[in-house]
$ cat final11.cif   # mmCIF, C-alpha atoms
data_coords
loop_
_atom_site.label_atom_id
_atom_site.label_comp_id
_atom_site.auth_asym_id
_atom_site.auth_seq_id
_atom_site.Cartn_x
_atom_site.Cartn_y
_atom_site.Cartn_z
CA MET A 1 -9.00 171.43 106.95
CA LYS A 2 -7.17 173.15 104.14
CA ILE A 3 -8.12 171.22 101.02
CA ALA A 4 -6.79 171.42 97.47
CA VAL A 5 -9.47 170.47 94.95
CA ALA A 6 -8.14 169.06 91.69
CA MET A 7 -10.35 171.00 89.30
CA SER A 8 -10.69 169.68 85.76
CA GLY A 9 -13.05 172.41 84.64
CA GLY A 10 -15.92 169.91 84.72
CA VAL A 11 -19.08 169.84 86.78
CA ASP A 12 -18.04 167.03 89.18
CA SER A 13 -14.86 168.61 90.56
CA SER A 14 -16.53 172.02 90.61
CA VAL A 15 -19.36 170.72 92.80
CA ALA A 16 -16.80 168.90 94.95
CA ALA A 17 -15.15 172.26 95.67
CA ALA A 18 -18.50 173.89 96.40
CA LEU A 19 -19.55 171.15 98.83
CA LEU A 20 -16.27 171.31 100.77
CA LEU A 21 -16.53 175.09 100.97
CA GLU A 22 -20.09 174.75 102.27
CA GLN A 23 -18.82 172.36 104.96
CA GLY A 24 -16.52 175.10 106.25
CA HIS A 25 -13.17 173.93 104.90
CA ASP A 26 -10.43 176.24 103.64
CA VAL A 27 -10.58 175.36 99.93
CA PHE A 28 -8.41 176.26 96.96
CA GLY A 29 -8.40 174.92 93.43
CA ILE A 30 -5.55 173.43 91.42
CA THR A 31 -5.45 172.26 87.81
CA MET A 32 -2.59 170.35 86.28
CA LYS A 33 -1.46 171.53 82.87
CA HIS A 34 -0.18 168.20 81.62
CA TYR A 35 0.11 168.69 77.87
CA ASP A 36 0.67 171.42 75.30
CA ASN A 37 -2.53 172.42 73.52
CA LYS A 38 -0.89 173.21 70.20
CA LEU A 39 1.35 170.14 70.09
CA SER A 40 -1.65 167.94 70.83
CA GLY A 41 -3.60 169.46 67.94
CA PHE A 42 -6.11 171.49 69.94
CA ASP A 43 -7.21 174.93 68.80
CA PRO A 44 -7.17 177.90 71.21
CA GLY A 45 -10.15 177.60 73.54
CA GLU A 46 -10.10 173.80 73.40
CA GLY A 47 -8.37 171.06 75.36
CA ILE A 48 -6.46 171.89 78.52
CA GLU A 49 -6.66 175.64 77.87
CA ALA A 50 -10.47 175.46 77.92
CA SER A 51 -10.37 173.33 81.09
CA ILE A 52 -8.17 175.88 82.84
CA LEU A 53 -10.44 178.77 81.85
CA ASP A 54 -13.54 176.89 83.07
CA ALA A 55 -11.89 175.91 86.37
CA GLU A 56 -10.69 179.49 86.86
CA ALA A 57 -14.23 180.79 86.28
CA VAL A 58 -15.65 178.36 88.85
CA ALA A 59 -12.99 179.31 91.39
CA ALA A 60 -13.85 182.97 90.88
CA ARG A 61 -17.54 182.19 91.33
CA LEU A 62 -16.82 180.34 94.57
CA GLY A 63 -14.35 182.98 95.74
CA ILE A 64 -11.43 180.62 96.26
CA GLN A 65 -7.78 180.80 95.31
CA TYR A 66 -6.76 178.95 92.17
CA TYR A 67 -3.44 177.63 90.86
CA VAL A 68 -2.29 176.05 87.60
CA ILE A 69 0.44 173.43 88.09
CA ASP A 70 2.70 172.70 85.11
CA LEU A 71 3.27 168.92 84.93
CA GLN A 72 3.87 168.58 81.20
CA LYS A 73 7.35 167.05 81.44
CA ASP A 74 6.32 164.49 84.04
CA PHE A 75 3.18 163.54 82.15
CA GLN A 76 5.04 163.16 78.89
CA SER A 77 7.86 161.07 80.36
CA ILE A 78 5.56 158.78 82.36
CA VAL A 79 2.05 158.56 80.89
CA GLU A 80 2.53 159.40 77.21
CA LYS A 81 5.71 157.33 76.96
CA ASN A 82 3.94 154.33 78.48
CA PHE A 83 0.94 154.86 76.18
CA ILE A 84 3.18 154.63 73.12
CA THR A 85 5.37 151.72 74.29
CA GLU A 86 2.34 149.66 75.33
CA TYR A 87 0.78 150.03 71.89
CA GLN A 88 4.11 149.14 70.30
CA ALA A 89 4.15 145.96 72.41
CA GLY A 90 0.71 144.95 71.14
CA ARG A 91 -1.22 145.89 74.27
CA THR A 92 -4.03 148.39 74.79
CA PRO A 93 -3.22 150.71 77.73
CA ASN A 94 -5.57 152.78 79.85
CA PRO A 95 -3.61 156.02 80.49
CA CYS A 96 -5.88 157.12 83.37
CA THR A 97 -4.92 154.14 85.54
CA LEU A 98 -1.24 155.14 85.27
CA CYS A 99 -1.81 158.89 85.50
CA ASN A 100 -3.79 158.63 88.71
CA PRO A 101 -1.13 157.11 91.01
CA THR A 102 1.90 158.76 89.38
CA ILE A 103 0.70 162.22 88.30
CA LYS A 104 -2.55 163.19 90.06
CA TRP A 105 -1.81 161.45 93.35
CA GLY A 106 1.93 161.74 92.75
CA LYS A 107 3.25 165.03 91.39
CA LEU A 108 0.01 167.01 91.81
CA LEU A 109 -0.55 165.79 95.38
CA ASP A 110 3.04 166.75 96.22
CA ARG A 111 2.46 170.28 94.92
CA ALA A 112 -0.82 170.53 96.85
CA LEU A 113 0.98 169.61 100.06
CA GLU A 114 3.67 172.21 99.28
CA LEU A 115 0.83 174.76 99.17
CA ASP A 116 0.00 173.70 102.77
CA ALA A 117 -3.01 171.55 101.90
CA ASP A 118 -3.98 168.90 104.45
CA LYS A 119 -5.67 166.81 101.78
CA ILE A 120 -6.54 166.74 98.10
CA ALA A 121 -10.07 166.24 96.78
CA THR A 122 -11.35 165.20 93.36
CA GLY A 123 -14.68 164.80 91.61
CA HIS A 124 -14.37 161.04 91.15
CA PHE A 125 -17.49 158.94 91.63
CA VAL A 126 -16.04 156.71 94.33
CA ARG A 127 -16.52 156.31 98.08
CA LEU A 128 -13.66 156.14 100.57
CA LEU A 129 -14.24 154.26 103.82
CA GLU A 130 -11.85 153.89 106.74
CA LYS A 131 -11.84 150.70 108.84
CA ASP A 132 -9.35 150.01 111.61
CA GLY A 133 -6.90 152.52 110.20
CA LEU A 134 -7.08 151.16 106.63
CA TYR A 135 -8.75 152.97 103.76
CA GLU A 136 -11.03 151.12 101.37
CA LEU A 137 -12.24 152.24 97.94
CA HIS A 138 -15.89 151.46 97.26
CA LYS A 139 -17.97 152.06 94.17
CA GLY A 140 -19.73 155.37 93.82
CA SER A 141 -23.46 155.65 94.47
CA ASP A 142 -24.14 156.25 90.78
CA PRO A 143 -23.51 152.83 89.14
CA VAL A 144 -23.39 154.37 85.66
CA LYS A 145 -20.69 156.88 86.64
CA ASP A 146 -18.66 154.77 89.12
CA GLN A 147 -14.91 155.38 88.67
CA SER A 148 -13.42 153.04 91.28
CA TYR A 149 -11.92 150.92 88.47
CA MET A 150 -9.68 153.84 87.47
CA LEU A 151 -8.13 154.17 90.93
CA TRP A 152 -6.82 150.64 91.49
CA GLY A 153 -3.21 151.89 91.54
CA LEU A 154 -3.50 154.13 94.61
CA ASN A 155 -1.92 153.23 97.95
CA GLN A 156 -2.78 153.82 101.60
CA THR A 157 -0.59 156.91 101.89
CA GLN A 158 -2.33 158.53 98.93
CA LEU A 159 -5.82 157.54 100.08
CA ARG A 160 -5.13 158.91 103.56
CA LYS A 161 -4.61 162.33 101.96
CA THR A 162 -7.75 162.20 99.78
CA LEU A 163 -11.42 163.14 99.86
CA PHE A 164 -14.12 162.21 97.34
CA PRO A 165 -16.96 164.67 98.09
CA VAL A 166 -19.35 163.55 95.31
CA GLY A 167 -19.01 159.78 95.71
CA ASN A 168 -22.38 159.52 97.49
CA LEU A 169 -24.21 161.54 94.83
CA THR A 170 -25.66 160.72 91.44
CA LYS A 171 -24.84 162.70 88.32
CA LYS A 172 -28.35 164.11 88.29
CA GLU A 173 -27.92 165.40 91.84
CA ILE A 174 -24.57 166.98 90.95
CA ARG A 175 -26.06 168.76 87.95
CA LYS A 176 -28.84 170.08 90.17
CA ILE A 177 -26.37 171.45 92.73
CA ALA A 178 -24.25 173.08 90.00
CA ASN A 179 -27.37 174.69 88.54
CA GLU A 180 -28.60 175.96 91.92
CA LEU A 181 -25.18 177.50 92.62
CA LYS A 182 -25.16 179.04 89.15
CA LEU A 183 -21.74 177.59 88.41
CA PRO A 184 -20.64 178.59 84.90
CA ILE A 185 -20.12 174.94 83.89
CA HIS A 186 -23.44 173.55 85.21
CA ASP A 187 -24.46 172.23 81.77
CA LYS A 188 -21.00 171.25 80.49
CA LYS A 189 -20.88 167.82 78.85
CA ASP A 190 -18.83 165.01 80.40
CA SER A 191 -15.43 164.30 78.89
CA GLN A 192 -15.36 161.01 77.01
CA GLU A 193 -12.10 160.79 75.09
CA ILE A 194 -8.41 160.50 76.03
CA CYS A 195 -7.71 163.95 77.46
CA PHE A 196 -4.36 164.63 75.74
CA ILE A 197 -5.46 163.47 72.27
CA LYS A 198 -7.70 165.40 69.92
CA GLY A 199 -9.67 163.16 67.61
CA HIS A 200 -8.87 159.48 67.20
CA TYR A 201 -5.94 157.93 69.03
CA GLU A 202 -4.80 156.39 65.71
CA ASP A 203 -3.84 159.83 64.41
CA TYR A 204 -1.77 160.42 67.56
CA LEU A 205 -0.01 157.06 67.32
CA ARG A 206 0.82 157.53 63.63
CA LYS A 207 2.99 160.48 64.64
CA LYS A 208 4.84 158.32 67.18
CA ILE A 209 4.95 154.82 65.68
CA LYS A 210 5.81 153.52 62.24
CA PHE A 211 3.04 151.13 61.24
CA GLN A 212 3.32 148.23 58.84
CA PHE A 213 0.36 147.01 56.83
CA GLY A 214 -0.12 143.25 56.95
CA ASP A 215 -2.49 140.36 56.37
CA ILE A 216 -5.71 139.64 58.21
CA THR A 217 -6.29 135.90 58.36
CA LEU A 218 -8.73 133.40 59.79
CA PRO A 219 -7.38 130.84 62.33
CA ASP A 220 -6.76 128.36 59.47
CA GLY A 221 -4.43 130.86 57.75
CA LYS A 222 -6.82 131.99 55.03
CA ILE A 223 -6.08 135.62 54.09
CA ILE A 224 -9.24 137.73 54.03
CA GLY A 225 -7.96 141.30 54.21
CA LYS A 226 -5.27 143.80 55.19
CA HIS A 227 -4.72 145.49 58.54
CA ARG A 228 -3.42 149.06 59.07
CA GLY A 229 -0.82 148.13 61.70
CA LEU A 230 -1.05 145.67 64.60
CA PRO A 231 -0.86 148.29 67.39
CA LEU A 232 -4.20 149.67 66.23
CA TYR A 233 -6.14 146.52 67.17
CA THR A 234 -7.30 145.03 70.45
CA ILE A 235 -8.06 141.42 71.29
CA GLY A 236 -11.83 140.98 71.12
CA GLN A 237 -12.33 143.99 68.86
CA ARG A 238 -15.20 143.70 66.38
CA LYS A 239 -15.65 147.17 64.87
CA GLY A 240 -13.14 148.88 62.61
CA LEU A 241 -11.75 145.79 60.87
CA ASN A 242 -12.97 147.04 57.47
CA THR A 243 -12.99 143.49 56.13
CA PRO A 244 -16.27 142.53 54.40
CA TRP A 245 -17.46 139.15 55.64
CA SER A 246 -20.69 137.19 55.89
CA SER A 247 -20.70 137.37 59.70
CA PRO A 248 -19.12 139.55 62.42
CA LEU A 249 -15.37 139.12 62.89
CA TYR A 250 -13.42 139.43 66.15
CA VAL A 251 -9.71 139.99 66.73
CA LEU A 252 -8.37 136.71 68.16
CA HIS A 253 -4.59 137.14 68.14
CA LYS A 254 -1.83 139.50 67.03
CA ASP A 255 1.15 137.66 65.53
CA SER A 256 3.85 140.30 65.95
CA ASP A 257 6.64 138.10 64.56
CA ASN A 258 4.88 137.75 61.22
CA ASN A 259 2.82 140.98 61.32
CA ILE A 260 -0.44 139.05 60.97
CA LEU A 261 -3.81 139.91 62.52
CA ILE A 262 -5.77 136.72 63.20
CA VAL A 263 -9.54 137.05 63.43
CA THR A 264 -12.40 134.66 64.06
CA GLU A 265 -16.12 134.58 63.38
CA ASP A 266 -16.72 132.28 66.36
CA LEU A 267 -17.08 134.30 69.56
CA ASN A 268 -16.43 131.14 71.57
CA ASP A 269 -12.80 131.20 70.37
CA LEU A 270 -12.27 134.26 72.56
CA LYS A 271 -13.48 132.69 75.78
CA GLN A 272 -10.79 131.95 78.37
CA GLU A 273 -10.87 129.95 81.60
CA SER A 274 -8.02 131.96 83.11
CA PHE A 275 -5.65 134.85 82.54
CA CYS A 276 -2.68 136.52 84.25
CA LEU A 277 -2.41 139.89 85.98
CA LYS A 278 0.80 141.81 86.51
CA ASP A 279 1.68 145.12 88.22
CA LEU A 280 -0.35 144.01 91.23
CA ASN A 281 -1.41 146.55 93.84
CA TRP A 282 -3.17 145.74 97.11
CA LEU A 283 -4.97 148.91 98.19
CA ALA A 284 -5.44 147.53 101.72
CA GLY A 285 -1.79 146.47 101.87
CA ALA A 286 -2.32 142.70 101.77
CA LEU A 287 -3.53 139.89 99.53
CA PRO A 288 -7.28 139.28 100.02
CA GLU A 289 -8.51 135.97 101.32
CA GLN A 290 -9.99 133.63 98.74
CA ASP A 291 -13.77 133.47 99.03
CA ASP A 292 -16.86 133.69 96.85
CA THR A 293 -17.11 137.51 97.11
CA ILE A 294 -14.15 138.28 94.83
CA THR A 295 -14.85 139.46 91.29
CA VAL A 296 -12.69 140.59 88.39
CA GLN A 297 -13.36 143.40 85.92
CA ILE A 298 -11.19 143.58 82.82
CA ARG A 299 -12.50 146.81 81.29
CA TYR A 300 -13.90 150.04 82.65
CA ASN A 301 -17.45 149.43 81.39
CA SER A 302 -17.51 145.63 81.65
CA ASP A 303 -19.49 143.78 84.30
CA PRO A 304 -17.58 142.20 87.21
CA VAL A 305 -17.24 138.42 86.90
CA PRO A 306 -16.97 136.01 89.88
CA VAL A 307 -13.49 134.61 90.53
CA ARG A 308 -13.30 130.86 91.24
CA LYS A 309 -9.74 131.01 92.55
CA PHE A 310 -6.42 132.80 92.06
CA GLU A 311 -2.77 131.79 92.28
CA LEU A 312 0.30 133.96 92.89
CA GLN A 313 3.09 133.24 90.41
CA SER A 314 6.28 135.21 91.22
CA ASP A 315 5.48 138.77 90.01
CA ARG A 316 1.97 138.05 88.74
CA MET A 317 -1.33 136.42 89.58
CA LYS A 318 -3.27 133.82 87.63
CA VAL A 319 -7.03 134.26 87.88
CA PHE A 320 -9.54 131.49 87.20
#
$ encode --input "final11.cif" --output "structure tokens"
Amino acid sequence: MKIAVAMSGGVDSSVAAALLLEQGHDVFGITMKHYDNKLSGFDPGEGIEASILDAEAVAARLGIQYYVIDLQKDFQSIVEKNFITEYQAGRTPNPCTLCNPTIKWGKLLDRALELDADKIATGHFVRLLEKDGLYELHKGSDPVKDQSYMLWGLNQTQLRKTLFPVGNLTKKEIRKIANELKLPIHDKKDSQEICFIKGHYEDYLRKKIKFQFGDITLPDGKIIGKHRGLPLYTIGQRKGLNTPWSSPLYVLHKDSDNNILIVTEDLNDLKQESFCLKDLNWLAGALPEQDDTITVQIRYNSDPVPVRKFELQSDRMKVF
């Protein structure tokens, strides 16, 4: 097959390209340029410019064609806009889970197909299985690096056009392959932060949102400090409150109407028996049957929790 490998300049996607080439496929690399280095505060040689240079060097080492796809306008109008509006609304977004179905497997996949690719491949730690014509996403073999959580928004059409060459490998094995192939990025560190933001996301948001300082109170209304702006806090947050207290404090509620951040020292106050999900997506095309195998995971690094039952409510689902 002719395969476009989405190359981030990191070791995972680089090894993905090498493995597909070794298997005899016609491989070329593509990197999406989705933000402006200077506007995002990166110096020359950092950020997306560094990623492009690294990906280009790997492509040259492998002897494959390489393309840079400019998706800045799309990324800004879809992902960055959502990132800002979600924080304004008091929620904490995960930009990757929106970028994946709309940009990487949307605009970038479209461009790959225009370049005559049969499929696109990435370096995600996830396994793709096909059963009776339906594609299923399964966790990657490396439990520490598994990225299946990030891909919940993909659909069958997108999965049908995708390969995940490193999903059955561990990070240690990938590093070993990159080193044996003498890829120029074999010892490059993994990316940890939000890709289009240099430094702390608070600095980015301060350029986009006007924050109002306000009171931090306990559930009984007692004022114990000042917050820097409600969008900067997440329910359950413990660190970064900068409010001296005799015991750890946790963000319990954000009162947007009165610009008050309500915190608690009792972790039990945060426990919930149920919650609602919106923007539902069934990767297999249908609602799963209720049984004791279903779990829910509310954050990328959190452990899955068994689901007792769930109920559909118009455009959302209530999970117990």
$ resolve_selection --input "final11.cif" --expression "the PyMOL selection byres ((chain A and resi 75) around 9)" --output "list in words"
His34, Tyr35, Leu71, Gln72, Lys73, Asp74, Gln76, Ser77, Ile78, Val79, Glu80, Lys81, Cys99, Thr102 and Ile103 of chain A
$ closest_residue --input "final11.cif" --among "A:Leu20, A:Leu53, A:Val319, A:Leu115" --to "Pro184 (chain A)" --atoms "all atoms listed in the file"
A:Leu53
$ atom_distance --input "final11.cif" --atom1 "CA of Arg316 (chain A)" --atom2 "CA of Leu277 (chain A)"
5.5 Å
$ resolve_selection --input "final11.cif" --expression "the PyMOL selection byres ((chain A and resi 126) around 10)" --output "list of chain:residue names"
A:Thr122, A:Gly123, A:His124, A:Phe125, A:Arg127, A:Leu128, A:Leu129, A:Leu137, A:His138, A:Lys139, A:Gly140, A:Ser141, A:Asp142, A:Pro143, A:Lys145, A:Asp146, A:Gln147, A:Ser148, A:Tyr149, A:Met150, A:Leu151, A:Leu163, A:Phe164, A:Pro165, A:Val166, A:Gly167, A:Asn168, A:Leu169
$ closest_atom_pairs --input "final11.cif" --of "region 48-89 of chain A" --to "region 222-230 of chain A" --cutoff "12 Å" --atoms "only C-alpha atoms" --output "tab-separated table"
residue	atom	partner	partner_atom	distance
A:Glu86	CA	A:Leu230	CA	11.9
A:Tyr87	CA	A:Leu230	CA	8.7
A:Gln88	CA	A:Leu230	CA	8.4
A:Ala89	CA	A:Leu230	CA	9.4
$ axis_aligned_box --input "final11.cif" --around "region 86-100 of chain A" --padding-each-side "4 Å" --output "lines of an AutoDock Vina configuration file"
center_x = -0.9
center_y = 151.9
center_z = 79.5
size_x = 18.0
size_y = 21.9
size_z = 26.4
$ atom_distance --input "final11.cif" --atom1 "CA of Val144 (chain A)" --atom2 "CA of Gly9 (chain A)"
20.8 Å
$ closest_atom_pairs --input "final11.cif" --of "region 28-63 of chain A" --to "region 201-221 of chain A" --cutoff "12 Å" --atoms "only C-alpha atoms" --output "CSV"
residue,atom,partner,partner_atom,distance
A:Leu39,CA,A:Tyr204,CA,10.5
A:Ser40,CA,A:Tyr204,CA,8.2
A:Gly41,CA,A:Tyr204,CA,9.2
$ write_last_selection --input "final11.cif" --atoms "C-alpha atoms" --output "PDB file, in the frame of the given file"
ATOM      1  CA  LEU A  39       1.350 170.140  70.090  1.00  0.00           C
ATOM      2  CA  SER A  40      -1.650 167.940  70.830  1.00  0.00           C
ATOM      3  CA  GLY A  41      -3.600 169.460  67.940  1.00  0.00           C
TER       4      GLY A  41
END
$ residues_around --input "final11.cif" --residues "Ser51 (chain A)" --least-positions-apart "6" --cutoff "12 Å" --atoms "only C-alpha atoms" --output "tab-separated table (two decimals) with C-alpha atoms, in the coordinates of the input"
chain	number	residue	atom	x	y	z
A	6	ALA	CA	-8.14	169.06	91.69
A	7	MET	CA	-10.35	171.00	89.30
A	8	SER	CA	-10.69	169.68	85.76
A	9	GLY	CA	-13.05	172.41	84.64
A	10	GLY	CA	-15.92	169.91	84.72
A	11	VAL	CA	-19.08	169.84	86.78
A	13	SER	CA	-14.86	168.61	90.56
A	14	SER	CA	-16.53	172.02	90.61
A	30	ILE	CA	-5.55	173.43	91.42
A	31	THR	CA	-5.45	172.26	87.81
A	32	MET	CA	-2.59	170.35	86.28
A	33	LYS	CA	-1.46	171.53	82.87
A	34	HIS	CA	-0.18	168.20	81.62
A	35	TYR	CA	0.11	168.69	77.87
A	37	ASN	CA	-2.53	172.42	73.52
A	44	PRO	CA	-7.17	177.90	71.21
A	45	GLY	CA	-10.15	177.60	73.54
A	57	ALA	CA	-14.23	180.79	86.28
A	58	VAL	CA	-15.65	178.36	88.85
A	68	VAL	CA	-2.29	176.05	87.60
A	185	ILE	CA	-20.12	174.94	83.89
A	188	LYS	CA	-21.00	171.25	80.49
A	190	ASP	CA	-18.83	165.01	80.40
A	191	SER	CA	-15.43	164.30	78.89
A	195	CYS	CA	-7.71	163.95	77.46
A	196	PHE	CA	-4.36	164.63	75.74
$ resolve_selection --input "final11.cif" --expression "the PyMOL selection byres ((chain A and resi 29) around 9)" --output "MDAnalysis selection string"
chainID A and resid 3:7 17 27:28 30:31 55:56 59 64:68
$ closest_residue --input "final11.cif" --among "A:Asp110, A:Asp187, A:Lys198, A:Phe320" --to "Val305 (chain A)" --atoms "only C-alpha atoms"
A:Phe320
$ closest_residue --input "final11.cif" --among "A:Gly285, A:Lys171, A:Cys276, A:Leu21" --to "Gln313 (chain A)" --atoms "only C-alpha atoms"
A:Cys276
$ closest_residue --input "final11.cif" --among "A:Pro93, A:Lys119, A:Leu154, A:Asp291" --to "Gly106 (chain A)" --atoms "all atoms listed in the file"
A:Leu154
$ residues_near_point --input "final11.cif" --point "(-3.8, 136.8, 65.9)" --cutoff "9 Å" --atoms "all atoms listed in the file" --output "MDAnalysis selection string"
chainID A and resid 216:219 235 251:256 260:263
$ write_last_selection --input "final11.cif" --atoms "C-alpha atoms" --output "mmCIF file, keeping the file's coordinate frame"
data_model
loop_
_atom_site.group_PDB
_atom_site.id
_atom_site.type_symbol
_atom_site.label_atom_id
_atom_site.label_comp_id
_atom_site.auth_asym_id
_atom_site.auth_seq_id
_atom_site.Cartn_x
_atom_site.Cartn_y
_atom_site.Cartn_z
ATOM 1 C CA ILE A 216 -5.710 139.640 58.210
ATOM 2 C CA THR A 217 -6.290 135.900 58.360
ATOM 3 C CA LEU A 218 -8.730 133.400 59.790
ATOM 4 C CA PRO A 219 -7.380 130.840 62.330
ATOM 5 C CA ILE A 235 -8.060 141.420 71.290
ATOM 6 C CA VAL A 251 -9.710 139.990 66.730
ATOM 7 C CA LEU A 252 -8.370 136.710 68.160
ATOM 8 C CA HIS A 253 -4.590 137.140 68.140
ATOM 9 C CA LYS A 254 -1.830 139.500 67.030
ATOM 10 C CA ASP A 255 1.150 137.660 65.530
ATOM 11 C CA SER A 256 3.850 140.300 65.950
ATOM 12 C CA ILE A 260 -0.440 139.050 60.970
ATOM 13 C CA LEU A 261 -3.810 139.910 62.520
ATOM 14 C CA ILE A 262 -5.770 136.720 63.200
ATOM 15 C CA VAL A 263 -9.540 137.050 63.430
#
$ atom_distance --input "final11.cif" --atom1 "CA of Glu265 (chain A)" --atom2 "CA of Leu249 (chain A)"
4.6 Å
$ residues_near_point --input "final11.cif" --point "(-2.1, 151.5, 91.4)" --cutoff "8 Å" --atoms "all atoms listed in the file" --output "list in words"
Thr97, Leu98, Asn100, Pro101, Leu151, Trp152, Gly153, Leu154, Asn155, Leu280, Asn281 and Leu283 of chain A
$ write_last_selection --input "final11.cif" --atoms "C-alpha atoms" --output "mmCIF file, in the coordinates of the input"
data_model
loop_
_atom_site.group_PDB
_atom_site.id
_atom_site.type_symbol
_atom_site.label_atom_id
_atom_site.label_comp_id
_atom_site.auth_asym_id
_atom_site.auth_seq_id
_atom_site.Cartn_x
_atom_site.Cartn_y
_atom_site.Cartn_z
ATOM 1 C CA THR A 97 -4.920 154.140 85.540
ATOM 2 C CA LEU A 98 -1.240 155.140 85.270
ATOM 3 C CA ASN A 100 -3.790 158.630 88.710
ATOM 4 C CA PRO A 101 -1.130 157.110 91.010
ATOM 5 C CA LEU A 151 -8.130 154.170 90.930
ATOM 6 C CA TRP A 152 -6.820 150.640 91.490
ATOM 7 C CA GLY A 153 -3.210 151.890 91.540
ATOM 8 C CA LEU A 154 -3.500 154.130 94.610
ATOM 9 C CA ASN A 155 -1.920 153.230 97.950
ATOM 10 C CA LEU A 280 -0.350 144.010 91.230
ATOM 11 C CA ASN A 281 -1.410 146.550 93.840
ATOM 12 C CA LEU A 283 -4.970 148.910 98.190
#
$ closest_residue --input "final11.cif" --among "A:Ile174, A:Ala16, A:Ala50, A:Leu134" --to "Arg160 (chain A)" --atoms "only C-alpha atoms"
A:Leu134
$ decode --input "final11.cif" --residues "region 264-269 of chain A" --atoms "all heavy atoms" --output "compact mmCIF listing (two decimals), in the first residue's frame"
# COMPACT_ATOMS: atom_id res chain seq x y z
N THR A 264 -12.90 22.83 49.27
CA THR A 264 -13.22 22.01 50.43
C THR A 264 -11.96 21.30 50.91
O THR A 264 -11.04 21.05 50.12
CB THR A 264 -14.29 20.96 50.11
OG1 THR A 264 -14.57 20.17 51.28
CG2 THR A 264 -13.84 20.03 48.99
N GLU A 265 -11.91 21.00 52.21
CA GLU A 265 -10.80 20.21 52.73
C GLU A 265 -11.20 18.75 52.91
O GLU A 265 -10.38 17.92 53.31
CB GLU A 265 -10.31 20.79 54.07
CG GLU A 265 -11.38 20.99 55.11
CD GLU A 265 -10.86 21.75 56.32
OE1 GLU A 265 -9.65 21.70 56.59
OE2 GLU A 265 -11.68 22.40 57.01
N ASP A 266 -12.46 18.44 52.61
CA ASP A 266 -12.95 17.07 52.73
C ASP A 266 -13.05 16.44 51.34
O ASP A 266 -13.92 16.79 50.54
CB ASP A 266 -14.33 17.06 53.40
CG ASP A 266 -14.82 15.65 53.70
OD1 ASP A 266 -14.16 14.68 53.25
OD2 ASP A 266 -15.86 15.51 54.37
N LEU A 267 -12.17 15.53 51.05
CA LEU A 267 -12.13 14.89 49.73
C LEU A 267 -13.44 14.17 49.41
O LEU A 267 -13.81 14.01 48.25
CB LEU A 267 -10.95 13.92 49.67
CG LEU A 267 -10.54 13.37 48.30
CD1 LEU A 267 -10.25 14.50 47.33
CD2 LEU A 267 -9.33 12.45 48.42
N ASN A 268 -14.15 13.74 50.43
CA ASN A 268 -15.42 13.05 50.22
C ASN A 268 -16.46 13.95 49.55
O ASN A 268 -17.40 13.45 48.90
CB ASN A 268 -15.97 12.51 51.54
CG ASN A 268 -15.16 11.32 52.05
OD1 ASN A 268 -14.79 10.44 51.29
ND2 ASN A 268 -14.88 11.32 53.35
N ASP A 269 -16.32 15.27 49.72
CA ASP A 269 -17.27 16.20 49.09
C ASP A 269 -17.23 16.10 47.56
O ASP A 269 -18.20 16.46 46.88
CB ASP A 269 -16.95 17.65 49.51
CG ASP A 269 -17.28 17.92 50.97
OD1 ASP A 269 -18.02 17.11 51.57
OD2 ASP A 269 -16.80 18.93 51.50
